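*Asks:* This is my_file24.tsv, which holds TSV, C-alpha atoms:
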chain	number	residue	atom	x	y	z
A	1	ILE	CA	0.00	0.00	0.00
A	2	LEU	CA	2.83	2.39	1.01
A	3	SER	CA	4.66	1.66	-2.25
A	4	GLY	CA	1.49	2.40	-4.23
A	5	ASN	CA	0.96	5.74	-2.46
A	6	ILE	CA	4.56	6.81	-3.14
A	7	THR	CA	4.14	5.92	-6.81
A	8	ARG	CA	0.93	7.96	-7.05
A	9	MET	CA	2.61	10.94	-5.28
A	10	LYS	CA	5.53	10.84	-7.73
A	11	PHE	CA	3.07	10.74	-10.65
A	12	LEU	CA	1.06	13.70	-9.29
A	13	GLY	CA	4.28	15.67	-8.68
A	14	LYS	CA	5.42	15.12	-12.27
A	15	ALA	CA	1.98	16.02	-13.59
A	16	PHE	CA	1.95	19.26	-11.59
A	17	LEU	CA	5.43	20.15	-12.85
A	18	MET	CA	4.45	19.48	-16.47
A	19	ALA	CA	1.27	21.56	-16.07
A	20	SER	CA	3.34	24.45	-14.70
A	21	ILE	CA	5.80	24.24	-17.60
A	22	ILE	CA	2.99	24.11	-20.17
A	23	SER	CA	1.22	27.06	-18.52
A	24	ALA	CA	4.41	29.12	-18.48
A	25	ALA	CA	5.18	28.20	-22.08
A	26	ALA	CA	1.68	29.21	-23.15
A	27	ALA	CA	2.19	32.62	-21.57
A	28	PHE	CA	5.78	33.27	-22.57
A	29	LEU	CA	5.93	31.58	-25.98
A	30	SER	CA	2.59	32.62	-27.43
A	31	PRO	CA	2.51	33.45	-31.17
A	32	LYS	CA	1.72	37.07	-30.28
A	33	SER	CA	4.84	37.37	-28.12
A	34	TRP	CA	7.10	35.74	-30.71
A	35	ALA	CA	5.58	37.86	-33.46
A	36	SER	CA	6.47	40.98	-31.53
A	37	TYR	CA	10.04	39.67	-31.19
A	38	ILE	CA	10.30	38.99	-34.92
A	39	LEU	CA	8.86	42.39	-35.82
A	40	GLY	CA	11.17	44.09	-33.33
A	41	THR	CA	8.33	45.74	-31.44
A	42	ARG	CA	9.05	44.15	-28.06
A	43	ALA	CA	12.09	44.77	-25.88
A	44	PRO	CA	14.03	41.71	-24.60
A	45	LEU	CA	12.09	39.84	-21.94
A	46	CYS	CA	13.09	37.90	-18.88
A	47	THR	CA	11.02	35.57	-16.72
A	48	VAL	CA	10.67	36.80	-13.16
A	49	TRP	CA	8.52	35.79	-10.23
A	50	GLY	CA	6.69	39.03	-9.53
A	51	ARG	CA	3.96	39.98	-7.08
A	52	GLN	CA	1.36	38.05	-9.10
A	53	GLY	CA	3.41	35.00	-10.08
A	54	PRO	CA	5.41	34.49	-13.30
A	55	ALA	CA	5.45	37.74	-15.27
A	56	PHE	CA	7.19	39.37	-18.21
A	57	CYS	CA	9.77	41.95	-17.28
A	58	ASN	CA	11.04	44.50	-19.77
A	59	VAL	CA	14.77	44.33	-19.05
A	60	SER	CA	15.40	47.48	-21.08
A	61	HIS	CA	13.72	49.42	-18.28
A	62	MET	CA	16.63	48.68	-15.94
A	63	GLU	CA	19.05	50.71	-18.05
A	64	GLY	CA	16.71	53.70	-17.83
A	65	PHE	CA	16.17	53.26	-14.09
A	66	LEU	CA	19.94	53.24	-13.50
A	67	LYS	CA	20.30	56.42	-15.56
A	68	ARG	CA	17.69	58.17	-13.42
A	69	VAL	CA	19.59	57.15	-10.28
A	70	ASP	CA	22.89	58.38	-11.74
A	71	GLU	CA	21.30	61.72	-12.62
A	72	CYS	CA	20.65	62.29	-8.91
A	73	ASN	CA	24.13	61.17	-7.84
A	74	ILE	CA	26.40	63.35	-9.97
A	75	PRO	CA	29.95	63.52	-8.55
A	76	LEU	CA	32.23	66.55	-8.56
A	77	GLU	CA	33.34	67.45	-12.06
A	78	GLU	CA	36.86	66.25	-12.81
A	79	GLY	CA	39.43	69.00	-12.38
A	80	LYS	CA	37.13	71.16	-10.27
A	81	GLU	CA	38.32	72.34	-6.85
A	82	THR	CA	36.99	70.32	-3.94
A	83	PRO	CA	34.35	72.16	-1.88
A	84	LEU	CA	35.46	73.27	1.56
A	85	PRO	CA	33.85	71.70	4.64
A	86	PHE	CA	31.41	74.02	6.40
A	87	PHE	CA	31.25	74.03	10.20
A	88	VAL	CA	28.71	75.46	12.61
A	89	ALA	CA	29.45	75.34	16.36
A	90	GLY	CA	32.31	72.92	15.72
A	91	VAL	CA	30.17	70.44	13.74
A	92	GLN	CA	30.47	69.89	10.00
A	93	VAL	CA	27.04	70.51	8.51
A	94	GLY	CA	27.81	71.03	4.83
A	95	GLN	CA	30.31	71.88	2.11
A	96	ILE	CA	30.75	75.06	0.10
A	97	HIS	CA	32.13	75.44	-3.43
A	98	GLN	CA	35.06	77.77	-3.94
A	99	GLU	CA	33.06	80.26	-6.01
A	100	HIS	CA	30.75	80.83	-3.06
A	101	VAL	CA	33.57	80.82	-0.52
A	102	LYS	CA	34.81	84.02	-2.19
A	103	ARG	CA	31.37	85.59	-1.80
A	104	LEU	CA	31.11	84.69	1.86
A	105	LYS	CA	34.33	86.54	2.63
A	106	GLN	CA	32.37	89.78	2.30
A	107	PHE	CA	30.47	88.81	5.49
A	108	PRO	CA	33.23	88.56	8.14
A	109	ASP	CA	30.74	89.06	10.98
A	110	ALA	CA	29.01	85.86	9.89
A	111	PHE	CA	31.73	83.66	8.37
A	112	THR	CA	35.35	82.81	9.06
A	113	VAL	CA	37.16	81.56	5.96
A	114	LYS	CA	40.47	79.71	6.08
A	115	ASP	CA	41.54	79.45	2.44
A	116	GLY	CA	41.94	75.89	1.24
A	117	VAL	CA	40.91	74.50	4.62
A	118	ASP	CA	37.34	75.26	5.75
A	119	VAL	CA	34.52	77.74	6.27
A	120	LYS	CA	33.02	78.32	9.70
A	121	LEU	CA	30.05	80.25	10.92
A	122	ASN	CA	31.59	82.87	13.21
A	123	GLU	CA	32.13	81.21	16.57
A	124	LYS	CA	31.03	84.38	18.35
A	125	LEU	CA	27.53	83.49	17.19
A	126	ASP	CA	27.01	81.13	20.09
A	127	THR	CA	23.22	80.75	20.26
A	128	PHE	CA	20.54	79.34	17.98
A	129	ASP	CA	18.96	82.78	17.52
A	130	LEU	CA	22.23	84.58	16.72
A	131	ARG	CA	23.21	81.94	14.13
A	132	THR	CA	19.77	81.99	12.53
A	133	LYS	CA	19.82	85.78	12.30
A	134	ALA	CA	23.28	85.68	10.67
A	135	PHE	CA	22.11	83.16	8.06
A	136	ASP	CA	19.02	85.27	7.34
A	137	THR	CA	20.99	88.50	6.87
A	138	VAL	CA	23.49	86.89	4.49
A	139	ASN	CA	20.84	84.92	2.59
A	140	ARG	CA	18.72	87.99	1.88
A	141	LYS	CA	21.76	89.87	0.60
A	142	LEU	CA	22.72	86.95	-1.67
A	143	ALA	CA	19.12	86.73	-2.90
A	144	GLU	CA	19.25	90.42	-3.86
A	145	GLU	CA	22.41	89.67	-5.84
A	146	GLY	CA	20.71	86.76	-7.62
A	147	VAL	CA	23.00	84.16	-6.04
A	148	ILE	CA	20.12	82.53	-4.13
A	149	THR	CA	17.00	82.00	-6.24
A	150	GLY	CA	13.56	80.50	-5.64
A	151	TRP	CA	13.08	81.99	-2.19
A	152	ARG	CA	10.43	80.04	-0.24
A	153	GLU	CA	10.24	81.58	3.26
A	154	GLU	CA	10.65	78.03	4.60
A	155	PRO	CA	13.17	77.56	7.44
A	156	TYR	CA	15.34	74.45	7.15
A	157	ALA	CA	17.17	73.05	10.15
A	158	VAL	CA	20.98	73.23	10.16
A	159	SER	CA	22.09	70.23	12.23
A	160	ALA	CA	24.65	67.47	12.53
A	161	GLU	CA	22.08	64.87	11.48
A	162	PHE	CA	18.33	64.34	11.48
A	163	GLY	CA	16.81	64.21	14.93
A	164	THR	CA	19.61	66.08	16.69
A	165	PRO	CA	18.96	69.59	18.08
A	166	PRO	CA	19.27	72.17	15.28
A	167	LEU	CA	22.14	74.63	15.54
A	168	ALA	CA	20.29	77.23	13.45
A	169	THR	CA	17.82	77.50	10.59
A	170	THR	CA	18.38	78.78	7.08
A	171	GLU	CA	16.12	79.57	4.13
A	172	ARG	CA	15.26	76.44	2.15
A	173	ALA	CA	16.53	77.97	-1.10
A	174	SER	CA	20.01	78.40	0.43
A	175	ALA	CA	20.53	74.72	1.32
A	176	GLY	CA	22.42	73.90	-1.88
A	177	LEU	CA	24.79	76.85	-1.52
A	178	TYR	CA	25.89	75.72	1.96
A	179	GLY	CA	25.68	72.05	1.00
A	180	ILE	CA	23.64	71.25	4.09
A	181	MET	CA	21.51	68.12	4.31
A	182	SER	CA	17.89	68.75	3.45
A	183	TYR	CA	14.91	66.50	4.08
A	184	GLY	CA	11.50	65.91	2.54
A	185	VAL	CA	8.48	63.61	2.55
A	186	HIS	CA	7.13	61.93	-0.61
A	187	ILE	CA	3.91	59.92	-0.61
A	188	ASN	CA	3.20	57.24	-3.20
A	189	GLY	CA	-0.57	57.33	-3.55
A	190	TYR	CA	-1.85	54.17	-5.20
A	191	VAL	CA	-5.04	52.25	-5.91
A	192	GLU	CA	-5.28	48.46	-5.77
A	193	GLY	CA	-7.80	46.80	-8.09
A	194	ALA	CA	-9.92	43.79	-7.23
A	195	ASP	CA	-7.43	41.60	-9.13
A	196	GLY	CA	-4.49	42.97	-7.16
A	197	THR	CA	-3.11	45.20	-9.93
A	198	LEU	CA	-1.75	48.55	-8.79
A	199	ARG	CA	-2.15	52.02	-10.29
A	200	MET	CA	-0.31	55.10	-9.11
A	201	TRP	CA	-1.55	58.66	-8.77
A	202	VAL	CA	0.87	61.00	-10.56
A	203	ALA	CA	0.82	64.78	-10.08
A	204	ARG	CA	1.90	67.40	-12.61
A	205	ARG	CA	3.57	70.31	-10.86
A	206	SER	CA	2.22	73.79	-11.47
A	207	ALA	CA	3.79	75.66	-14.38
A	208	SER	CA	4.34	78.57	-11.99
A	209	LYS	CA	6.50	76.68	-9.47
A	210	PRO	CA	10.03	78.12	-9.07
A	211	THR	CA	11.62	74.68	-9.40
A	212	TRP	CA	10.83	71.95	-11.95
A	213	PRO	CA	7.64	73.62	-13.27
A	214	GLY	CA	5.29	71.33	-15.19
A	215	CYS	CA	7.19	68.17	-14.23
A	216	LEU	CA	5.67	64.94	-12.92
A	217	ASP	CA	5.76	64.25	-9.20
A	218	GLN	CA	4.33	62.01	-6.48
A	219	VAL	CA	0.69	62.68	-5.58
A	220	VAL	CA	2.00	64.48	-2.48
A	221	ALA	CA	5.53	65.68	-1.74
A	222	GLY	CA	7.08	68.47	0.24
A	223	GLY	CA	10.16	69.72	2.05
A	224	GLN	CA	10.64	68.92	5.72
A	225	PRO	CA	10.53	72.26	7.58
A	226	HIS	CA	12.08	72.99	10.95
A	227	GLY	CA	9.89	72.23	13.97
A	228	VAL	CA	7.56	69.73	12.26
A	229	GLN	CA	7.75	65.94	12.58
A	230	PRO	CA	7.68	63.94	9.29
A	231	GLY	CA	4.37	62.24	10.13
A	232	ASP	CA	2.69	65.56	10.86
A	233	ASN	CA	4.19	66.99	7.69
A	234	VAL	CA	2.61	64.14	5.71
A	235	LEU	CA	-0.83	65.02	7.07
A	236	LYS	CA	-0.33	68.71	6.30
A	237	GLU	CA	0.99	68.16	2.76
A	238	CYS	CA	-1.74	65.61	1.96
A	239	MET	CA	-4.44	68.19	2.66
A	240	GLU	CA	-2.65	71.11	0.98
A	241	GLU	CA	-1.56	69.34	-2.19
A	242	ALA	CA	-4.21	66.69	-2.83
A	243	ASN	CA	-7.14	67.38	-0.47
A	244	ILE	CA	-6.60	63.99	1.16
A	245	PRO	CA	-8.53	64.13	4.46
A	246	ARG	CA	-6.80	63.30	7.71
A	247	GLU	CA	-8.69	60.03	8.16
A	248	LEU	CA	-7.21	58.75	4.88
A	249	ALA	CA	-3.77	60.37	5.22
A	250	GLN	CA	-3.24	58.75	8.64
A	251	ALA	CA	-2.96	55.40	6.86
A	252	ALA	CA	0.23	56.53	5.06
A	253	LEU	CA	2.84	53.87	5.83
A	254	PRO	CA	6.48	54.98	6.32
A	255	THR	CA	8.64	52.76	4.10
A	256	GLY	CA	12.19	54.10	4.54
A	257	VAL	CA	14.26	56.66	2.69
A	258	VAL	CA	15.69	57.56	-0.69
A	259	ALA	CA	18.99	59.42	-0.32
A	260	TYR	CA	21.33	61.07	-2.83
A	261	GLN	CA	24.12	63.62	-3.19
A	262	CYS	CA	24.46	65.59	-6.39
A	263	GLN	CA	26.74	68.39	-7.63
A	264	ARG	CA	24.48	70.92	-9.36
A	265	PRO	CA	25.30	73.74	-11.77
A	266	GLY	CA	26.18	77.05	-10.16
A	267	GLY	CA	28.35	75.54	-7.44
A	268	ARG	CA	25.60	73.92	-5.43
A	269	THR	CA	25.61	70.60	-3.62
A	270	SER	CA	22.23	68.91	-3.33
A	271	ARG	CA	22.26	66.50	-0.39
A	272	GLU	CA	18.82	65.14	0.39
A	273	ILE	CA	17.08	62.48	2.42
A	274	ILE	CA	13.50	61.75	1.31
A	275	PHE	CA	11.26	59.94	3.79
A	276	THR	CA	9.03	57.73	1.66
A	277	TYR	CA	5.45	56.70	2.41
A	278	ASP	CA	2.89	54.45	0.73
A	279	LEU	CA	-0.76	55.46	0.89
A	280	LYS	CA	-3.43	53.13	-0.45
A	281	LEU	CA	-6.35	55.25	-1.65
A	282	PRO	CA	-9.96	54.15	-2.28
A	283	GLU	CA	-10.96	53.34	-5.85
A	284	GLY	CA	-13.36	56.29	-6.12
A	285	PHE	CA	-11.12	58.93	-4.51
A	286	VAL	CA	-9.84	61.70	-6.81
A	287	PRO	CA	-7.18	64.12	-5.51
A	288	GLU	CA	-7.79	67.87	-5.73
A	289	ASN	CA	-5.14	70.52	-5.23
A	290	ASN	CA	-5.63	73.22	-2.59
A	291	ASP	CA	-2.43	75.28	-2.69
A	292	GLY	CA	-1.96	76.02	-6.40
A	293	GLU	CA	1.16	73.85	-6.67
A	294	VAL	CA	-0.36	71.10	-8.85
A	295	ASP	CA	-1.93	71.49	-12.30
A	296	GLU	CA	-3.40	67.99	-12.65
A	297	PHE	CA	-3.53	64.48	-11.21
A	298	MET	CA	-3.44	61.31	-13.31
A	299	LEU	CA	-4.05	57.69	-12.32
A	300	TRP	CA	-1.55	55.54	-14.24
A	301	PRO	CA	-0.95	51.78	-14.43
A	302	LEU	CA	2.49	50.92	-13.06
A	303	ASP	CA	3.76	49.81	-16.46
A	304	LYS	CA	3.07	53.32	-17.78
A	305	VAL	CA	4.88	54.83	-14.79
A	306	ALA	CA	7.83	52.51	-15.43
A	307	GLU	CA	7.92	53.25	-19.15
A	308	SER	CA	7.77	57.03	-18.67
A	309	ILE	CA	10.65	56.95	-16.18
A	310	ALA	CA	12.82	54.45	-18.04
A	311	SER	CA	12.38	55.84	-21.56
A	312	ASP	CA	13.55	59.38	-20.84
A	313	GLY	CA	12.53	60.63	-17.41
A	314	GLY	CA	12.59	64.18	-18.74
A	315	GLU	CA	8.97	64.77	-17.75
A	316	TRP	CA	9.68	63.85	-14.13
A	317	LYS	CA	11.27	65.87	-11.35
A	318	PRO	CA	14.49	63.84	-11.00
A	319	ASN	CA	14.24	62.77	-7.34
A	320	CYS	CA	10.61	61.71	-7.83
A	321	CYS	CA	11.83	59.06	-10.28
A	322	LEU	CA	13.84	57.51	-7.46
A	323	VAL	CA	10.84	57.42	-5.13
A	324	ALA	CA	8.67	55.71	-7.79
A	325	ILE	CA	11.42	53.19	-8.61
A	326	ASP	CA	11.73	52.38	-4.90
A	327	PHE	CA	7.96	51.76	-4.78
A	328	MET	CA	8.20	49.35	-7.73
A	329	ILE	CA	11.02	47.42	-6.04
A	330	ARG	CA	9.12	47.09	-2.77
A	331	HIS	CA	5.97	45.90	-4.56
A	332	GLY	CA	7.77	43.26	-6.63
A	333	PHE	CA	7.66	44.90	-10.07
A	334	ILE	CA	11.46	45.16	-10.16
A	335	THR	CA	13.05	41.93	-8.97
A	336	PRO	CA	16.50	40.45	-8.17
A	337	GLU	CA	16.46	38.48	-11.43
A	338	GLN	CA	17.07	41.67	-13.41
A	339	PRO	CA	20.71	42.55	-14.16
A	340	GLY	CA	21.66	45.73	-12.33
A	341	TYR	CA	19.31	45.13	-9.38
A	342	MET	CA	22.02	45.57	-6.73
A	343	ARG	CA	23.38	48.71	-8.39
A	344	LEU	CA	19.87	50.13	-8.41
A	345	LEU	CA	19.34	49.41	-4.71
A	346	HIS	CA	22.67	50.99	-3.81
A	347	GLY	CA	22.00	54.09	-5.90
A	348	LEU	CA	18.67	54.73	-4.20
A	349	ARG	CA	20.46	54.99	-0.82
A	350	ALA	CA	23.80	56.41	-1.96
A	351	GLY	CA	23.47	59.51	0.20
A	352	VAL	CA	22.64	57.81	3.50
A	353	SER	CA	26.21	57.70	4.84
A	354	ALA	CA	26.58	61.47	4.25
A	355	ALA	CA	23.58	62.06	6.53
A	356	ILE	CA	25.22	60.43	9.54
A	357	ASN	CA	27.75	62.56	11.38
Can the structure in the file be given as structure tokens, please?
*Replies:*
Amino acid sequence: ILSGNITRMKFLGKAFLMASIISAAAAFLSPKSWASYILGTRAPLCTVWGRQGPAFCNVSHMEGFLKRVDECNIPLEEGKETPLPFFVAGVQVGQIHQEHVKRLKQFPDAFTVKDGVDVKLNEKLDTFDLRTKAFDTVNRKLAEEGVITGWREEPYAVSAEFGTPPLATTERASAGLYGIMSYGVHINGYVEGADGTLRMWVARRSASKPTWPGCLDQVVAGGQPHGVQPGDNVLKECMEEANIPRELAQAALPTGVVAYQCQRPGGRTSREIIFTYDLKLPEGFVPENNDGEVDEFMLWPLDKVAESIASDGGEWKPNCCLVAIDFMIRHGFITPEQPGYMRLLHGLRAGVSAAIN
């Protein structure tokens, strides 16, 4: 009897394996798929085990994803002078390019410059209020001269690292000039269909915004101002940017960070940590903008999001590409089977070490 049961189990196991192979072959080797190969209309495919079982994966997307990551992690141009470390109250908080070091020499009451060594906020400024006032005075003068652009009236904390007591605050638009670490929150708003398929809400930034006008963005995103906790900032930004009520926004799930460091034109260093959140929205909910910063919202299938980012990315605000790519990794649409997977993961967190002092 035992021998007969073992024989039947072996037979059923082989039958199940053959059925799986036939099912996979039917999906992957259909005449339609091969026709698209022959006609050259389909990019190379690889078999991956995605969030809904075996699935086609367009491997050409990975090249585009890696380009988007590299565009946010641009190193110092070869042959260019290394930025000088910037210290406040004995703690390095940033780095300043040589072209701006020369400008800061005109403010000896605020800055002490040791050529070729470092820049320090004047050590006589020994309180939070005195340091903040010094930053504000210098920043407004530099804004008048056109050195600082896109003034926001948003105070950013100047600190050793996130969560430590701030040493001062400075205008958000000045962060790149001083090379200080800046922070933000980005919320991936998505809808899950009855069959488990995901669609993502994509926002188009207002054409009147001072930075990246008309570009694509997460449904909700914003800088992390001084004196506000990230979770509270999420609730605030959800209402302002997409009219997402508190009872829905409270379900936003913190999922980690995207971090990068990029040398920008004009001698600016962009060092940013983005706290990422996933927010599952009801099928019938439609975002509406309240603060004039968004022109439209669109609900896209994830394959359209992936294609738009991988093909060019030019329509997207660069760091928003990274947040969307991170979402696709965490939800199984980008998998370890794809060449370049580890490089992609590393690039999405390349700036983390710079945020720890």
*Asks:* Can you work out the spacing between CA of Val158 in chain A and CA of Ser174 in chain A in Å, to one decimal?
*Replies:* 11.1 Å
*Asks:* CA of Gly176 in chain A and CA of Ile329 in chain A, how far apart in Å?
*Replies:*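 Separation of CA of Ile329 in chain A and CA of Gly176 in chain A: 29.1 Å.
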*Asks:* Using all atoms listed in the file, which of the listed residues (A:Arg172, A:Arg131, A:Arg152, A:Lys280) sits closest to Leu253 in chain A?
*Replies:*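 Smallest separation from Leu253 in chain A among the options: A:Lys280.
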*Asks:* Pick out the residues sitting within 10 Å of range 293-310 of chain A, and hand them over as a ChimeraX atom specification; count all atoms listed in the file, and ignore anything fewer than 5 positions along from it in its own chain.
*Replies:* /A:57-58,60-68,189-191,197-209,213-220,240-242,286-288,315-316,318,320-322,324-325,327-328,333-334
*Asks:* What separation in Å, quoted to one decimal, exists between CA of Phe111 in chain A and CA of Thr132 in chain A?
*Replies:*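 We find that CA of Phe111 in chain A and CA of Thr132 in chain A lie 12.8 Å from each other.
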*Asks:* Might you pull out every residue within 9 Å of range 338-355 of chain A, with all atoms listed in the file counted and same-chain residues fewer than 5 positions away left off, and present them as a PyMOL selection string?
*Replies:* chain A and resi 46+48+57+59+62-63+65-66+69-70+72-73+160-162+181+257-261+271-273+322-323+325-326+329
*Asks:* Residues at most 7 Å from Val88 in chain A, counting all atoms listed in the file, excluding those fewer than 4 positions away in the same chain, as a PyMOL selection string?
*Replies:* chain A and resi 92-93+120-121
*Asks:* Looking at A:Glu71, A:Asp312, A:Glu154, A:Glu283, which one is nearest to Gly193 in chain A, with distances taken over all atoms listed in the file?
*Replies:*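 Residue with the minimum atom-to-atom distance to Gly193 in chain A: A:Glu283.
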*Asks:* Using all atoms listed in the file, can you tell me which of A:Asp126, A:Glu99, A:Asp195, A:Asp109 comes closest to Leu167 in chain A?
*Replies:*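 Of A:Asp126, A:Glu99, A:Asp195, A:Asp109, the one nearest Leu167 in chain A is A:Asp126, counting all atoms listed in the file.
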*Asks:* List every residue of range 170-269 of chain A that has an atom at most 9 Å from any atom of range 139-142 of chain A, and for each one report the closest atom pair and its distance in Å to one decimal, counting all atoms listed in the file, with rows sorted by chain and then by increasing residue number, as JSON lines.
*Replies:*
{"residue": "A:Thr170", "atom": "CA", "partner": "A:Asn139", "partner_atom": "CA", "distance": 8.0}
{"residue": "A:Glu171", "atom": "CA", "partner": "A:Asn139", "partner_atom": "CA", "distance": 7.3}
{"residue": "A:Ala173", "atom": "CA", "partner": "A:Asn139", "partner_atom": "CA", "distance": 9.0}
{"residue": "A:Ser174", "atom": "CA", "partner": "A:Asn139", "partner_atom": "CA", "distance": 6.9}
